[in-house]
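Trainee: Below is one structure. I have some questions about it.
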Amino acid sequence: MAARPRIKDVAEYAGVSPKTVSNVINNFEHVSDRTREAVREAIDALGYRVNMAGRQLRQGRTGMITLAVPELDVAYFAELAKHVMTEADRRGLTVLLHQTGGSRERELAALHGFDAQFSDGIILSPLALQPRDLATRDRRLPVVLLGERPAEGSTDHVAIDNVRAAREATAHLLERGRRRIAVVGGMVRGRQGTDRLRTDGYREALRAAKVPFDSDLVVPVDAYHWRDGARAAAELVERDPHPDALLCLNDHLALGALRALHEKRVSVPKDIDVVGFDDIEASRFSVPTLTTVAPDKEEIARAAVALLVDRIDGPDDGPLVDHVVGHEVIVRESSGG
């Protein structure tokens with residue numbers, strides 16, 4: 001057949017009605033095995049393929065979801081995007097990928113469905129959203145937040161336990177005898193974003209070990225890139241006394257710090273331990289290899305897509321879900337592994 005086969009062509013070939021063909025395609029139960037087999041043979045013979053676009057339009061859906069992340073050149077978000085796309089593909093969904101740059105304006109645009117005509121829901125990793133932004137969002141568009149969460153009980157949410165993860169990473173450094181542990185990218189005050197939560201976990205570990213907290217060892221950064229980690233580490237090793245460990249709040253900061261320490265002829269881990277967050281692929285190939293907190297990125301993707309699909313398919317007024325994903329402190333050469 002020159003033209004693309006249609007349901008009525010399959011029906012004629014199998015000697016059944018178009019309705020019966022539709023019932024077989026949708027796996028309805030009340031079709032005899034003999035009829036089901038005849039229809040499947042006709043589908044194979046004609047090369048018929050279900051028109052997913054037409055089916056989704058009839059259901060009021062596009063079959064596409066949006067993933068909005070701050071920066072795709074930050075390896076964590078690139079790796080996470082890969083896992084989300086894999087999970088979406090497994091469910092027959094297509095992912096629209098948007099980079100927000102951590103801009104509140106672009107995050108708001110995503111939250112309010114800037115491509116709602118193309119997308120059935122959004123997975124958003126925000127940096128700049130405010131609590132009031134979530135209160136005024138269009139609730140007809142399902143949303144799942146990753147990582148940062150501006151307000152409790154605002155929408156479905158998937159993240160690791162950042163306080164616990166930082167506490168465990170700091171405890172590892174304390175067990176190695178480190179006492180002047182600097183937090184690169186930390187925040188002492190401000191809203192409960194990832195940086196603040198991880199700094200809180202660091203403080204809890206110090207408190208448990210009866211090590212005094214020194215706010216001068218919490219070093220904010222302009223961004224979470226290699227150059228920011230390098231700049232912070234170069235400044236910290238000029239102090240007297242300098243830190244004996246760096247807890248960097250992502251691996252890009254930690255890898256930048258490793259480079260700066262190498263240029264300053266500071267030995268890692270002999271003189272200073274370095275620990276990162278995210279377990280990006282580069283952390284396994286640095287010299288020395290990087291100790292890091294590894295979130296289960298595959299589970300983050302699975303949980304986020306599953307929650308979003310549940311909201312798309314089901315009622316939008318069900319109880320909100322706060323899904324906590326596991327993590328692991330992977331000890332490598334940069335802290336004696």
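Ordered as shown in the structure tokens, chains take letters A, B, and onward, while each chain numbers its residues from 1 and ligands are numbered from 1 in the order shown.
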Pull the closest atom pair for each residue of range 14-100 of chain A that gets at most 12 Å from range 223-236 of chain A, along with the distance in Å to one decimal, counting only C-alpha atoms, ordering rows by chain and then ascending residue number, as CSV.
Mentor:
```
residue,atom,partner,partner_atom,distance
A:Pro70,CA,A:Tyr224,CA,11.1
A:Glu71,CA,A:Tyr224,CA,10.2
A:Leu72,CA,A:His225,CA,11.9
A:Asp73,CA,A:His225,CA,9.4
A:Val74,CA,A:His225,CA,7.5
A:Ala75,CA,A:His225,CA,10.1
A:Tyr76,CA,A:Tyr224,CA,11.1
```
Trainee: With all heavy atoms retained, write the just-selected residues as a compact mmCIF listing (two decimals), in the first residue's frame.
Mentor:
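The result, stored in selection_1.txt:
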```
# COMPACT_ATOMS: atom_id res chain seq x y z
N PRO A 70 18.72 24.84 35.65
CA PRO A 70 19.46 26.11 35.58
C PRO A 70 20.50 26.15 34.47
O PRO A 70 20.54 27.10 33.69
CB PRO A 70 20.11 26.22 36.96
CG PRO A 70 19.28 25.35 37.86
CD PRO A 70 18.82 24.23 37.00
N GLU A 71 21.39 25.14 34.42
CA GLU A 71 22.53 25.22 33.50
C GLU A 71 22.89 23.83 32.98
O GLU A 71 23.23 22.95 33.77
CB GLU A 71 23.75 25.82 34.20
CG GLU A 71 23.59 27.25 34.66
CD GLU A 71 24.78 27.72 35.46
OE1 GLU A 71 25.00 27.18 36.56
OE2 GLU A 71 25.49 28.60 34.99
N LEU A 72 22.86 23.65 31.70
CA LEU A 72 23.20 22.36 31.13
C LEU A 72 24.71 22.14 31.06
O LEU A 72 25.16 21.00 30.85
CB LEU A 72 22.58 22.23 29.73
CG LEU A 72 21.09 21.94 29.74
CD1 LEU A 72 20.50 22.09 28.35
CD2 LEU A 72 20.81 20.55 30.30
N ASP A 73 25.51 23.20 31.22
CA ASP A 73 26.96 22.99 31.24
C ASP A 73 27.47 22.69 32.64
O ASP A 73 28.68 22.51 32.83
CB ASP A 73 27.72 24.18 30.62
CG ASP A 73 27.39 25.51 31.29
OD1 ASP A 73 26.49 25.53 32.15
OD2 ASP A 73 28.02 26.51 30.92
N VAL A 74 26.56 22.61 33.62
CA VAL A 74 26.90 22.03 34.92
C VAL A 74 26.58 20.54 34.82
O VAL A 74 25.44 20.16 34.55
CB VAL A 74 26.11 22.70 36.06
CG1 VAL A 74 26.29 21.94 37.36
CG2 VAL A 74 26.56 24.15 36.22
N ALA A 75 27.60 19.71 35.01
CA ALA A 75 27.48 18.29 34.67
C ALA A 75 26.35 17.60 35.41
O ALA A 75 25.71 16.69 34.87
CB ALA A 75 28.80 17.59 34.95
N TYR A 76 26.09 18.00 36.65
CA TYR A 76 25.00 17.35 37.40
C TYR A 76 23.69 17.45 36.64
O TYR A 76 22.94 16.46 36.52
CB TYR A 76 24.86 17.98 38.79
CG TYR A 76 23.61 17.51 39.52
CD1 TYR A 76 23.58 16.26 40.14
CD2 TYR A 76 22.48 18.30 39.57
CE1 TYR A 76 22.44 15.82 40.79
CE2 TYR A 76 21.34 17.87 40.22
CZ TYR A 76 21.32 16.63 40.82
OH TYR A 76 20.19 16.19 41.46
```
Trainee: Determine which residues of range 146-186 of chain A receive a DSSP assignment of helix (DSSP H, G or I), computed from the backbone, and state them as a ChimeraX atom specification.
Mentor: /A:162-175
Trainee: Keeping only N, CA, C and O atoms, write the selected residues to a file as an mmCIF file, in the first residue's frame.
Mentor:
```cif
data_model
loop_
_atom_site.group_PDB
_atom_site.id
_atom_site.type_symbol
_atom_site.label_atom_id
_atom_site.label_comp_id
_atom_site.auth_asym_id
_atom_site.auth_seq_id
_atom_site.Cartn_x
_atom_site.Cartn_y
_atom_site.Cartn_z
ATOM 1 N N ASN A 162 19.495 16.836 52.145
ATOM 2 C CA ASN A 162 20.719 17.622 52.054
ATOM 3 C C ASN A 162 21.379 17.847 53.406
ATOM 4 O O ASN A 162 22.613 17.888 53.496
ATOM 5 N N VAL A 163 20.586 18.006 54.452
ATOM 6 C CA VAL A 163 21.159 18.198 55.781
ATOM 7 C C VAL A 163 21.935 16.958 56.200
ATOM 8 O O VAL A 163 23.098 17.025 56.624
ATOM 9 N N ARG A 164 21.298 15.823 56.062
ATOM 10 C CA ARG A 164 21.955 14.568 56.439
ATOM 11 C C ARG A 164 23.187 14.299 55.587
ATOM 12 O O ARG A 164 24.229 13.865 56.100
ATOM 13 N N ALA A 165 23.093 14.552 54.280
ATOM 14 C CA ALA A 165 24.225 14.290 53.385
ATOM 15 C C ALA A 165 25.440 15.123 53.780
ATOM 16 O O ALA A 165 26.570 14.609 53.837
ATOM 17 N N ALA A 166 25.227 16.411 54.052
ATOM 18 C CA ALA A 166 26.342 17.276 54.448
ATOM 19 C C ALA A 166 26.873 16.888 55.820
ATOM 20 O O ALA A 166 28.089 16.961 56.069
ATOM 21 N N ARG A 167 25.982 16.488 56.701
ATOM 22 C CA ARG A 167 26.415 16.048 58.034
ATOM 23 C C ARG A 167 27.328 14.825 57.912
ATOM 24 O O ARG A 167 28.375 14.741 58.564
ATOM 25 N N GLU A 168 26.956 13.875 57.058
ATOM 26 C CA GLU A 168 27.760 12.666 56.886
ATOM 27 C C GLU A 168 29.106 12.975 56.222
ATOM 28 O O GLU A 168 30.136 12.412 56.607
ATOM 29 N N ALA A 169 29.101 13.870 55.242
ATOM 30 C CA ALA A 169 30.353 14.240 54.585
ATOM 31 C C ALA A 169 31.295 14.942 55.556
ATOM 32 O O ALA A 169 32.508 14.688 55.575
ATOM 33 N N THR A 170 30.729 15.826 56.381
ATOM 34 C CA THR A 170 31.544 16.524 57.384
ATOM 35 C C THR A 170 32.051 15.557 58.444
ATOM 36 O O THR A 170 33.214 15.643 58.879
ATOM 37 N N ALA A 171 31.198 14.624 58.849
ATOM 38 C CA ALA A 171 31.607 13.616 59.840
ATOM 39 C C ALA A 171 32.782 12.794 59.316
ATOM 40 O O ALA A 171 33.702 12.445 60.079
ATOM 41 N N HIS A 172 32.774 12.487 58.036
ATOM 42 C CA HIS A 172 33.911 11.764 57.440
ATOM 43 C C HIS A 172 35.208 12.559 57.606
ATOM 44 O O HIS A 172 36.249 12.000 57.981
ATOM 45 N N LEU A 173 35.152 13.864 57.363
ATOM 46 C CA LEU A 173 36.347 14.698 57.505
ATOM 47 C C LEU A 173 36.779 14.795 58.970
ATOM 48 O O LEU A 173 37.980 14.757 59.280
ATOM 49 N N LEU A 174 35.809 14.913 59.853
ATOM 50 C CA LEU A 174 36.126 14.973 61.285
ATOM 51 C C LEU A 174 36.762 13.672 61.769
ATOM 52 O O LEU A 174 37.697 13.689 62.587
ATOM 53 N N GLU A 175 36.295 12.546 61.243
ATOM 54 C CA GLU A 175 36.869 11.254 61.618
ATOM 55 C C GLU A 175 38.313 11.132 61.169
ATOM 56 O O GLU A 175 39.096 10.383 61.749
#
```
Trainee: Quick one: pull the distance between CA of Pro269 in chain A and CA of Leu217 in chain A, Å, one decimal.
Mentor: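 Calculated distance between CA of Pro269 in chain A and CA of Leu217 in chain A is 18.5 Å.
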